[in-house]
Amino acid sequence: MGLVEDFNNKYNDEINNHTKLENEFVLIKKNVDEADVNQVELESHLEGLTDEINFLRQLSEQETRELQSLISDTSVVLSMNNICPLDMDSIITEAIIMDAKKREELAIKEAKLSVLEAAQQWAKQDMVWQLCQYQELRNIRQALDIEIATYRKLL
């Protein structure tokens, strides 16, 4: 009778262990699913940030070209208007003010671009971390699948 009780106890232990492992598997699968959803969200966010960075770069390049065009046009206008008496001090002051405003706008855009690039870098690093976590969970899941299959063979 002792041998039957031992096998019965081992059988009950294996069933309990199997149930515990199945519960852990369900939790791990839930974590993997959450990691998948999080990865998709991060990729989408990264794509949006990349698009915004590219847009701001193009906008900045276009504004730079326009400013360079304005500067060359201004020098032509000044050379053509030499006949009229000009208040050069006010023209220079105005040009300096316009230049300062354009530089300020450019600095703000560059700062925004820098922030977006930093956010993009953070998102990439977070995505790498999430992928590592995901891979680790998949490895655990695979090990548990193997262990469960082994227990099933034993039963």
# chains A, B, ... in the order shown; residues from 1 in each chain; ligands from 1
call {"tool": "residues_around", "arguments": {"residues": "stretch 36-53 of chain A", "least_positions_apart": "5", "cutoff": "7 Å", "atoms": "only C-alpha atoms", "output": "CSV table (one decimal) with all heavy atoms, in the first residue's frame"}}
result
chain,number,residue,atom,x,y,z
A,113,LEU,N,14.2,70.4,-32.8
A,113,LEU,CA,14.7,69.2,-33.6
A,113,LEU,C,15.6,68.4,-32.6
A,113,LEU,O,15.5,67.1,-32.6
A,113,LEU,CB,15.6,69.7,-34.8
A,113,LEU,CG,16.2,68.6,-35.6
A,113,LEU,CD1,15.1,67.7,-36.2
A,113,LEU,CD2,17.0,69.3,-36.7
A,116,LEU,N,13.4,66.4,-30.4
A,116,LEU,CA,12.8,65.3,-31.1
A,116,LEU,C,13.8,64.2,-31.4
A,116,LEU,O,13.4,63.0,-31.3
A,116,LEU,CB,12.2,65.8,-32.4
A,116,LEU,CG,10.9,66.6,-32.2
A,116,LEU,CD1,10.5,67.2,-33.6
A,116,LEU,CD2,9.7,65.8,-31.7
A,120,GLN,N,13.5,60.4,-30.1
A,120,GLN,CA,13.6,59.3,-31.0
A,120,GLN,C,14.7,58.3,-30.5
A,120,GLN,O,14.5,57.1,-30.5
A,120,GLN,CB,14.0,59.8,-32.4
A,120,GLN,CG,14.2,58.7,-33.4
A,120,GLN,CD,14.7,59.2,-34.8
A,120,GLN,OE1,15.3,60.2,-34.8
A,120,GLN,NE2,14.4,58.4,-35.8
A,123,ALA,N,13.3,56.4,-27.6
A,123,ALA,CA,12.3,55.4,-28.1
A,123,ALA,C,13.0,54.2,-28.7
A,123,ALA,O,12.6,53.1,-28.5
A,123,ALA,CB,11.4,56.1,-29.1
A,127,MET,N,12.8,50.5,-27.2
A,127,MET,CA,12.3,49.4,-28.1
A,127,MET,C,13.3,48.3,-28.0
A,127,MET,O,12.9,47.1,-27.9
A,127,MET,CB,12.2,49.9,-29.5
A,127,MET,CG,11.5,48.9,-30.4
A,127,MET,SD,11.1,49.3,-32.1
A,127,MET,CE,11.4,51.0,-32.3
A,130,GLN,N,12.7,46.5,-24.8
A,130,GLN,CA,11.4,45.8,-24.9
A,130,GLN,C,11.6,44.5,-25.7
A,130,GLN,O,11.1,43.4,-25.4
A,130,GLN,CB,10.3,46.6,-25.6
A,130,GLN,CG,9.8,47.7,-24.7
A,130,GLN,CD,8.9,47.2,-23.6
A,130,GLN,OE1,8.3,46.2,-23.6
A,130,GLN,NE2,8.8,48.0,-22.5
call {"tool": "residues_around", "arguments": {"residues": "stretch 26-32 of chain A", "least_positions_apart": "2", "cutoff": "7 Å", "atoms": "only C-alpha atoms", "output": "PyMOL selection string"}}
result
chain A and resi 22-24+34-36+134+137+141
call {"tool": "write_last_selection", "arguments": {"atoms": "N, CA and C atoms", "output": "short mmCIF file (atom, residue, chain, number, x, y, z; two decimals), in the first residue's frame"}}
result
data_model
loop_
_atom_site.label_atom_id
_atom_site.label_comp_id
_atom_site.auth_asym_id
_atom_site.auth_seq_id
_atom_site.Cartn_x
_atom_site.Cartn_y
_atom_site.Cartn_z
N GLU A 22 1.31 25.83 -15.80
CA GLU A 22 0.34 26.35 -16.76
C GLU A 22 -0.07 27.78 -16.40
N ASN A 23 -0.28 28.05 -15.11
CA ASN A 23 -0.62 29.40 -14.67
C ASN A 23 0.52 30.37 -14.97
N GLU A 24 1.75 29.94 -14.71
CA GLU A 24 2.90 30.78 -15.03
C GLU A 24 2.98 31.02 -16.53
N GLU A 34 1.51 41.78 -24.08
CA GLU A 34 1.65 43.18 -23.71
C GLU A 34 2.91 43.78 -24.32
N ALA A 35 3.99 43.01 -24.32
CA ALA A 35 5.24 43.49 -24.93
C ALA A 35 5.05 43.70 -26.42
N ASP A 36 4.30 42.80 -27.08
CA ASP A 36 4.02 42.98 -28.51
C ASP A 36 3.25 44.26 -28.76
N TYR A 134 11.13 40.78 -24.48
CA TYR A 134 10.28 39.91 -25.26
C TYR A 134 11.01 38.60 -25.57
N LEU A 137 11.27 36.48 -22.50
CA LEU A 137 9.99 35.83 -22.19
C LEU A 137 9.71 34.68 -23.16
N ARG A 141 9.15 30.87 -22.16
CA ARG A 141 7.96 30.16 -22.63
C ARG A 141 8.35 28.86 -23.31
#
call {"tool": "residues_around", "arguments": {"residues": "A:Tyr151", "least_positions_apart": "6", "cutoff": "9 Å", "atoms": "only C-alpha atoms", "output": "compact mmCIF listing (two decimals) with N, CA, C and O atoms, in the first residue's frame"}}
result
# COMPACT_ATOMS: atom_id res chain seq x y z
N GLU A 14 2.83 16.20 -9.18
CA GLU A 14 3.05 16.54 -10.59
C GLU A 14 1.86 17.33 -11.15
O GLU A 14 2.03 18.25 -11.93
N ILE A 15 0.66 16.94 -10.77
CA ILE A 15 -0.53 17.68 -11.23
C ILE A 15 -0.49 19.10 -10.70
O ILE A 15 -0.75 20.06 -11.44
N HIS A 18 2.18 20.92 -12.52
CA HIS A 18 1.72 21.16 -13.89
C HIS A 18 0.76 22.36 -13.91
O HIS A 18 0.87 23.24 -14.76
call {"tool": "residues_around", "arguments": {"residues": "A:Lys102", "least_positions_apart": "2", "cutoff": "12 Å", "atoms": "only C-alpha atoms", "output": "ChimeraX atom specification"}}
result
/A:60,63-64,66-68,70-71,95-100,104-109
call {"tool": "write_last_selection", "arguments": {"atoms": "all heavy atoms", "output": "compact mmCIF listing (two decimals), in the first residue's frame"}}
result
# COMPACT_ATOMS: atom_id res chain seq x y z
N SER A 60 13.31 73.74 -42.15
CA SER A 60 14.48 74.53 -41.79
C SER A 60 15.35 74.80 -43.01
O SER A 60 15.82 75.93 -43.21
CB SER A 60 15.29 73.81 -40.71
OG SER A 60 16.48 74.49 -40.42
N GLU A 63 13.58 77.40 -45.19
CA GLU A 63 13.68 78.74 -44.62
C GLU A 63 15.09 79.29 -44.76
O GLU A 63 15.28 80.49 -45.00
CB GLU A 63 13.25 78.71 -43.15
CG GLU A 63 11.75 78.56 -42.98
CD GLU A 63 11.32 78.54 -41.52
OE1 GLU A 63 12.19 78.49 -40.63
OE2 GLU A 63 10.11 78.60 -41.30
N THR A 64 16.09 78.43 -44.64
CA THR A 64 17.47 78.87 -44.83
C THR A 64 17.68 79.36 -46.27
O THR A 64 18.29 80.41 -46.49
CB THR A 64 18.45 77.73 -44.51
OG1 THR A 64 18.24 77.31 -43.16
CG2 THR A 64 19.89 78.17 -44.68
N GLU A 66 15.36 80.50 -48.24
CA GLU A 66 14.61 81.76 -48.39
C GLU A 66 15.38 82.92 -47.78
O GLU A 66 15.43 84.01 -48.35
CB GLU A 66 13.24 81.63 -47.74
CG GLU A 66 12.28 80.74 -48.52
CD GLU A 66 10.96 80.53 -47.80
OE1 GLU A 66 10.73 81.15 -46.74
OE2 GLU A 66 10.15 79.73 -48.30
N LEU A 67 15.99 82.70 -46.63
CA LEU A 67 16.77 83.76 -45.98
C LEU A 67 17.97 84.13 -46.84
O LEU A 67 18.28 85.33 -47.00
CB LEU A 67 17.25 83.31 -44.59
CG LEU A 67 16.19 83.29 -43.49
CD1 LEU A 67 16.78 82.71 -42.21
CD2 LEU A 67 15.67 84.69 -43.23
N GLN A 68 18.63 83.14 -47.40
CA GLN A 68 19.77 83.44 -48.27
C GLN A 68 19.31 84.20 -49.51
O GLN A 68 19.99 85.12 -49.97
CB GLN A 68 20.48 82.14 -48.66
CG GLN A 68 21.24 81.53 -47.52
CD GLN A 68 21.80 80.15 -47.86
OE1 GLN A 68 21.39 79.54 -48.83
NE2 GLN A 68 22.72 79.68 -47.03
N LEU A 70 16.68 86.19 -49.62
CA LEU A 70 16.36 87.54 -49.16
C LEU A 70 17.62 88.38 -48.98
O LEU A 70 17.64 89.56 -49.33
CB LEU A 70 15.59 87.49 -47.84
CG LEU A 70 14.13 87.07 -47.92
CD1 LEU A 70 13.54 86.95 -46.52
CD2 LEU A 70 13.33 88.07 -48.75
N ILE A 71 18.66 87.78 -48.47
CA ILE A 71 19.91 88.51 -48.26
C ILE A 71 20.48 88.97 -49.60
O ILE A 71 20.88 90.12 -49.76
CB ILE A 71 20.92 87.64 -47.48
CG1 ILE A 71 20.46 87.46 -46.05
CG2 ILE A 71 22.31 88.28 -47.51
CD1 ILE A 71 21.27 86.45 -45.27
N ALA A 95 17.88 95.64 -40.52
CA ALA A 95 18.46 94.39 -41.01
C ALA A 95 18.99 93.55 -39.86
O ALA A 95 18.83 92.32 -39.84
CB ALA A 95 19.57 94.69 -42.02
N ILE A 96 19.62 94.21 -38.90
CA ILE A 96 20.14 93.49 -37.72
C ILE A 96 18.99 92.87 -36.93
O ILE A 96 19.06 91.72 -36.49
CB ILE A 96 20.99 94.44 -36.85
CG1 ILE A 96 22.29 94.77 -37.57
CG2 ILE A 96 21.27 93.81 -35.49
CD1 ILE A 96 23.12 95.83 -36.88
N ILE A 97 17.92 93.62 -36.76
CA ILE A 97 16.76 93.11 -36.01
C ILE A 97 16.16 91.91 -36.74
O ILE A 97 15.84 90.89 -36.13
CB ILE A 97 15.71 94.23 -35.80
CG1 ILE A 97 16.25 95.27 -34.82
CG2 ILE A 97 14.39 93.65 -35.32
CD1 ILE A 97 15.38 96.51 -34.70
N MET A 98 15.99 92.04 -38.06
CA MET A 98 15.44 90.93 -38.84
C MET A 98 16.35 89.71 -38.75
O MET A 98 15.88 88.57 -38.59
CB MET A 98 15.24 91.35 -40.30
CG MET A 98 14.06 92.28 -40.50
SD MET A 98 13.86 92.91 -42.20
CE MET A 98 14.19 91.52 -43.20
N ASP A 99 17.65 89.96 -38.83
CA ASP A 99 18.60 88.86 -38.74
C ASP A 99 18.53 88.19 -37.36
O ASP A 99 18.54 86.97 -37.26
CB ASP A 99 20.02 89.38 -39.01
CG ASP A 99 21.04 88.26 -39.01
OD1 ASP A 99 20.83 87.28 -39.75
OD2 ASP A 99 22.04 88.37 -38.27
N ALA A 100 18.42 88.99 -36.33
CA ALA A 100 18.33 88.45 -34.97
C ALA A 100 17.06 87.62 -34.80
O ALA A 100 17.09 86.54 -34.19
CB ALA A 100 18.37 89.58 -33.95
N GLU A 104 16.89 83.70 -34.03
CA GLU A 104 16.14 83.21 -32.86
C GLU A 104 15.17 82.11 -33.28
O GLU A 104 15.08 81.06 -32.64
CB GLU A 104 15.38 84.37 -32.21
CG GLU A 104 14.58 83.95 -30.98
CD GLU A 104 13.79 85.11 -30.39
OE1 GLU A 104 13.98 86.26 -30.80
OE2 GLU A 104 12.99 84.82 -29.49
N GLU A 105 14.45 82.34 -34.39
CA GLU A 105 13.53 81.32 -34.89
C GLU A 105 14.27 80.04 -35.26
O GLU A 105 13.83 78.94 -34.95
CB GLU A 105 12.77 81.85 -36.10
CG GLU A 105 11.74 82.92 -35.78
CD GLU A 105 11.13 83.54 -37.04
OE1 GLU A 105 11.42 83.05 -38.16
OE2 GLU A 105 10.36 84.49 -36.89
N LEU A 106 15.42 80.22 -35.91
CA LEU A 106 16.23 79.06 -36.29
C LEU A 106 16.73 78.31 -35.06
O LEU A 106 16.71 77.08 -35.02
CB LEU A 106 17.41 79.52 -37.16
CG LEU A 106 18.26 78.41 -37.77
CD1 LEU A 106 17.42 77.50 -38.65
CD2 LEU A 106 19.41 79.01 -38.56
N ALA A 107 17.14 79.05 -34.03
CA ALA A 107 17.61 78.41 -32.80
C ALA A 107 16.49 77.63 -32.12
O ALA A 107 16.70 76.52 -31.62
CB ALA A 107 18.17 79.46 -31.84
N ILE A 108 15.28 78.18 -32.14
CA ILE A 108 14.13 77.50 -31.54
C ILE A 108 13.84 76.20 -32.31
O ILE A 108 13.63 75.15 -31.72
CB ILE A 108 12.89 78.42 -31.52
CG1 ILE A 108 13.09 79.54 -30.49
CG2 ILE A 108 11.62 77.63 -31.22
CD1 ILE A 108 12.04 80.62 -30.53
N LYS A 109 13.89 76.30 -33.64
CA LYS A 109 13.62 75.12 -34.45
C LYS A 109 14.70 74.06 -34.25
O LYS A 109 14.42 72.88 -34.18
CB LYS A 109 13.50 75.50 -35.92
CG LYS A 109 12.20 76.23 -36.21
CD LYS A 109 12.09 76.66 -37.63
CE LYS A 109 10.78 77.43 -37.79
NZ LYS A 109 10.66 78.07 -39.05
call {"tool": "closest_residue", "arguments": {"among": "A:Glu110, A:Leu21, A:Asp6, A:Ala118", "to": "A:Glu61", "atoms": "only C-alpha atoms"}}
result
A:Glu110
call {"tool": "decode", "arguments": {"residues": "stretch 110-124 of chain A", "atoms": "all heavy atoms", "output": "PDB file, in the first residue's frame"}}
result
ATOM      1  N   GLU A 110      15.944  74.500 -34.130  1.00  0.00           N
ATOM      2  CA  GLU A 110      17.030  73.549 -33.881  1.00  0.00           C
ATOM      3  C   GLU A 110      16.879  72.897 -32.511  1.00  0.00           C
ATOM      4  O   GLU A 110      17.158  71.717 -32.349  1.00  0.00           O
ATOM      5  CB  GLU A 110      18.380  74.242 -34.011  1.00  0.00           C
ATOM      6  CG  GLU A 110      18.756  74.550 -35.448  1.00  0.00           C
ATOM      7  CD  GLU A 110      20.051  75.331 -35.579  1.00  0.00           C
ATOM      8  OE1 GLU A 110      20.626  75.754 -34.551  1.00  0.00           O
ATOM      9  OE2 GLU A 110      20.509  75.517 -36.722  1.00  0.00           O
ATOM     10  N   ALA A 111      16.419  73.679 -31.525  1.00  0.00           N
ATOM     11  CA  ALA A 111      16.197  73.113 -30.190  1.00  0.00           C
ATOM     12  C   ALA A 111      15.071  72.076 -30.229  1.00  0.00           C
ATOM     13  O   ALA A 111      15.189  70.998 -29.630  1.00  0.00           O
ATOM     14  CB  ALA A 111      15.858  74.224 -29.192  1.00  0.00           C
ATOM     15  N   LYS A 112      14.001  72.391 -30.953  1.00  0.00           N
ATOM     16  CA  LYS A 112      12.899  71.432 -31.089  1.00  0.00           C
ATOM     17  C   LYS A 112      13.388  70.161 -31.787  1.00  0.00           C
ATOM     18  O   LYS A 112      13.052  69.051 -31.387  1.00  0.00           O
ATOM     19  CB  LYS A 112      11.738  72.037 -31.886  1.00  0.00           C
ATOM     20  CG  LYS A 112      10.944  73.070 -31.128  1.00  0.00           C
ATOM     21  CD  LYS A 112       9.820  73.628 -31.989  1.00  0.00           C
ATOM     22  CE  LYS A 112       9.019  74.677 -31.245  1.00  0.00           C
ATOM     23  NZ  LYS A 112       7.964  75.245 -32.089  1.00  0.00           N
ATOM     24  N   LEU A 113      14.187  70.357 -32.828  1.00  0.00           N
ATOM     25  CA  LEU A 113      14.740  69.219 -33.555  1.00  0.00           C
ATOM     26  C   LEU A 113      15.608  68.370 -32.632  1.00  0.00           C
ATOM     27  O   LEU A 113      15.540  67.145 -32.639  1.00  0.00           O
ATOM     28  CB  LEU A 113      15.551  69.706 -34.759  1.00  0.00           C
ATOM     29  CG  LEU A 113      16.180  68.638 -35.637  1.00  0.00           C
ATOM     30  CD1 LEU A 113      15.110  67.739 -36.247  1.00  0.00           C
ATOM     31  CD2 LEU A 113      17.020  69.277 -36.721  1.00  0.00           C
ATOM     32  N   SER A 114      16.395  69.022 -31.806  1.00  0.00           N
ATOM     33  CA  SER A 114      17.259  68.311 -30.862  1.00  0.00           C
ATOM     34  C   SER A 114      16.420  67.500 -29.866  1.00  0.00           C
ATOM     35  O   SER A 114      16.742  66.347 -29.563  1.00  0.00           O
ATOM     36  CB  SER A 114      18.150  69.308 -30.128  1.00  0.00           C
ATOM     37  OG  SER A 114      18.913  68.667 -29.157  1.00  0.00           O
ATOM     38  N   VAL A 115      15.348  68.102 -29.375  1.00  0.00           N
ATOM     39  CA  VAL A 115      14.462  67.402 -28.438  1.00  0.00           C
ATOM     40  C   VAL A 115      13.820  66.190 -29.124  1.00  0.00           C
ATOM     41  O   VAL A 115      13.752  65.098 -28.549  1.00  0.00           O
ATOM     42  CB  VAL A 115      13.373  68.361 -27.892  1.00  0.00           C
ATOM     43  CG1 VAL A 115      12.276  67.607 -27.185  1.00  0.00           C
ATOM     44  CG2 VAL A 115      13.999  69.394 -26.970  1.00  0.00           C
ATOM     45  N   LEU A 116      13.379  66.380 -30.356  1.00  0.00           N
ATOM     46  CA  LEU A 116      12.758  65.270 -31.081  1.00  0.00           C
ATOM     47  C   LEU A 116      13.765  64.159 -31.365  1.00  0.00           C
ATOM     48  O   LEU A 116      13.436  62.974 -31.266  1.00  0.00           O
ATOM     49  CB  LEU A 116      12.151  65.777 -32.392  1.00  0.00           C
ATOM     50  CG  LEU A 116      10.889  66.627 -32.241  1.00  0.00           C
ATOM     51  CD1 LEU A 116      10.499  67.222 -33.588  1.00  0.00           C
ATOM     52  CD2 LEU A 116       9.749  65.822 -31.662  1.00  0.00           C
ATOM     53  N   GLU A 117      14.995  64.530 -31.704  1.00  0.00           N
ATOM     54  CA  GLU A 117      16.013  63.507 -31.933  1.00  0.00           C
ATOM     55  C   GLU A 117      16.323  62.755 -30.645  1.00  0.00           C
ATOM     56  O   GLU A 117      16.523  61.541 -30.658  1.00  0.00           O
ATOM     57  CB  GLU A 117      17.279  64.144 -32.506  1.00  0.00           C
ATOM     58  CG  GLU A 117      17.119  64.555 -33.964  1.00  0.00           C
ATOM     59  CD  GLU A 117      18.310  65.330 -34.509  1.00  0.00           C
ATOM     60  OE1 GLU A 117      19.103  65.869 -33.704  1.00  0.00           O
ATOM     61  OE2 GLU A 117      18.442  65.394 -35.740  1.00  0.00           O
ATOM     62  N   ALA A 118      16.351  63.474 -29.521  1.00  0.00           N
ATOM     63  CA  ALA A 118      16.587  62.810 -28.232  1.00  0.00           C
ATOM     64  C   ALA A 118      15.430  61.857 -27.908  1.00  0.00           C
ATOM     65  O   ALA A 118      15.645  60.731 -27.440  1.00  0.00           O
ATOM     66  CB  ALA A 118      16.756  63.846 -27.121  1.00  0.00           C
ATOM     67  N   ALA A 119      14.217  62.300 -28.178  1.00  0.00           N
ATOM     68  CA  ALA A 119      13.048  61.451 -27.937  1.00  0.00           C
ATOM     69  C   ALA A 119      13.095  60.218 -28.844  1.00  0.00           C
ATOM     70  O   ALA A 119      12.770  59.107 -28.419  1.00  0.00           O
ATOM     71  CB  ALA A 119      11.755  62.234 -28.179  1.00  0.00           C
ATOM     72  N   GLN A 120      13.519  60.420 -30.073  1.00  0.00           N
ATOM     73  CA  GLN A 120      13.646  59.296 -31.000  1.00  0.00           C
ATOM     74  C   GLN A 120      14.693  58.308 -30.484  1.00  0.00           C
ATOM     75  O   GLN A 120      14.476  57.105 -30.505  1.00  0.00           O
ATOM     76  CB  GLN A 120      14.031  59.796 -32.392  1.00  0.00           C
ATOM     77  CG  GLN A 120      14.173  58.686 -33.412  1.00  0.00           C
ATOM     78  CD  GLN A 120      14.663  59.191 -34.758  1.00  0.00           C
ATOM     79  OE1 GLN A 120      15.273  60.235 -34.845  1.00  0.00           O
ATOM     80  NE2 GLN A 120      14.380  58.438 -35.794  1.00  0.00           N
ATOM     81  N   GLN A 121      15.826  58.821 -30.008  1.00  0.00           N
ATOM     82  CA  GLN A 121      16.882  57.952 -29.486  1.00  0.00           C
ATOM     83  C   GLN A 121      16.375  57.175 -28.277  1.00  0.00           C
ATOM     84  O   GLN A 121      16.619  55.976 -28.140  1.00  0.00           O
ATOM     85  CB  GLN A 121      18.121  58.785 -29.118  1.00  0.00           C
ATOM     86  CG  GLN A 121      19.293  57.958 -28.654  1.00  0.00           C
ATOM     87  CD  GLN A 121      19.807  57.015 -29.725  1.00  0.00           C
ATOM     88  OE1 GLN A 121      19.741  57.299 -30.908  1.00  0.00           O
ATOM     89  NE2 GLN A 121      20.319  55.869 -29.314  1.00  0.00           N
ATOM     90  N   TRP A 122      15.649  57.874 -27.390  1.00  0.00           N
ATOM     91  CA  TRP A 122      15.096  57.200 -26.207  1.00  0.00           C
ATOM     92  C   TRP A 122      14.126  56.100 -26.641  1.00  0.00           C
ATOM     93  O   TRP A 122      14.138  54.991 -26.095  1.00  0.00           O
ATOM     94  CB  TRP A 122      14.389  58.197 -25.299  1.00  0.00           C
ATOM     95  CG  TRP A 122      13.772  57.522 -24.119  1.00  0.00           C
ATOM     96  CD1 TRP A 122      14.359  57.212 -22.936  1.00  0.00           C
ATOM     97  CD2 TRP A 122      12.422  57.024 -24.031  1.00  0.00           C
ATOM     98  NE1 TRP A 122      13.476  56.555 -22.118  1.00  0.00           N
ATOM     99  CE2 TRP A 122      12.279  56.433 -22.761  1.00  0.00           C
ATOM    100  CE3 TRP A 122      11.343  57.025 -24.884  1.00  0.00           C
ATOM    101  CZ2 TRP A 122      11.092  55.857 -22.344  1.00  0.00           C
ATOM    102  CZ3 TRP A 122      10.163  56.437 -24.470  1.00  0.00           C
ATOM    103  CH2 TRP A 122      10.046  55.865 -23.200  1.00  0.00           C
ATOM    104  N   ALA A 123      13.273  56.422 -27.630  1.00  0.00           N
ATOM    105  CA  ALA A 123      12.296  55.436 -28.096  1.00  0.00           C
ATOM    106  C   ALA A 123      13.008  54.218 -28.687  1.00  0.00           C
ATOM    107  O   ALA A 123      12.588  53.079 -28.464  1.00  0.00           O
ATOM    108  CB  ALA A 123      11.358  56.069 -29.130  1.00  0.00           C
ATOM    109  N   LYS A 124      14.104  54.452 -29.415  1.00  0.00           N
ATOM    110  CA  LYS A 124      14.856  53.330 -29.976  1.00  0.00           C
ATOM    111  C   LYS A 124      15.448  52.476 -28.858  1.00  0.00           C
ATOM    112  O   LYS A 124      15.389  51.246 -28.907  1.00  0.00           O
ATOM    113  CB  LYS A 124      15.985  53.843 -30.874  1.00  0.00           C
ATOM    114  CG  LYS A 124      15.518  54.332 -32.220  1.00  0.00           C
ATOM    115  CD  LYS A 124      16.699  54.817 -33.048  1.00  0.00           C
ATOM    116  CE  LYS A 124      16.265  55.335 -34.401  1.00  0.00           C
ATOM    117  NZ  LYS A 124      17.396  55.846 -35.181  1.00  0.00           N
TER     118      LYS A 124
END
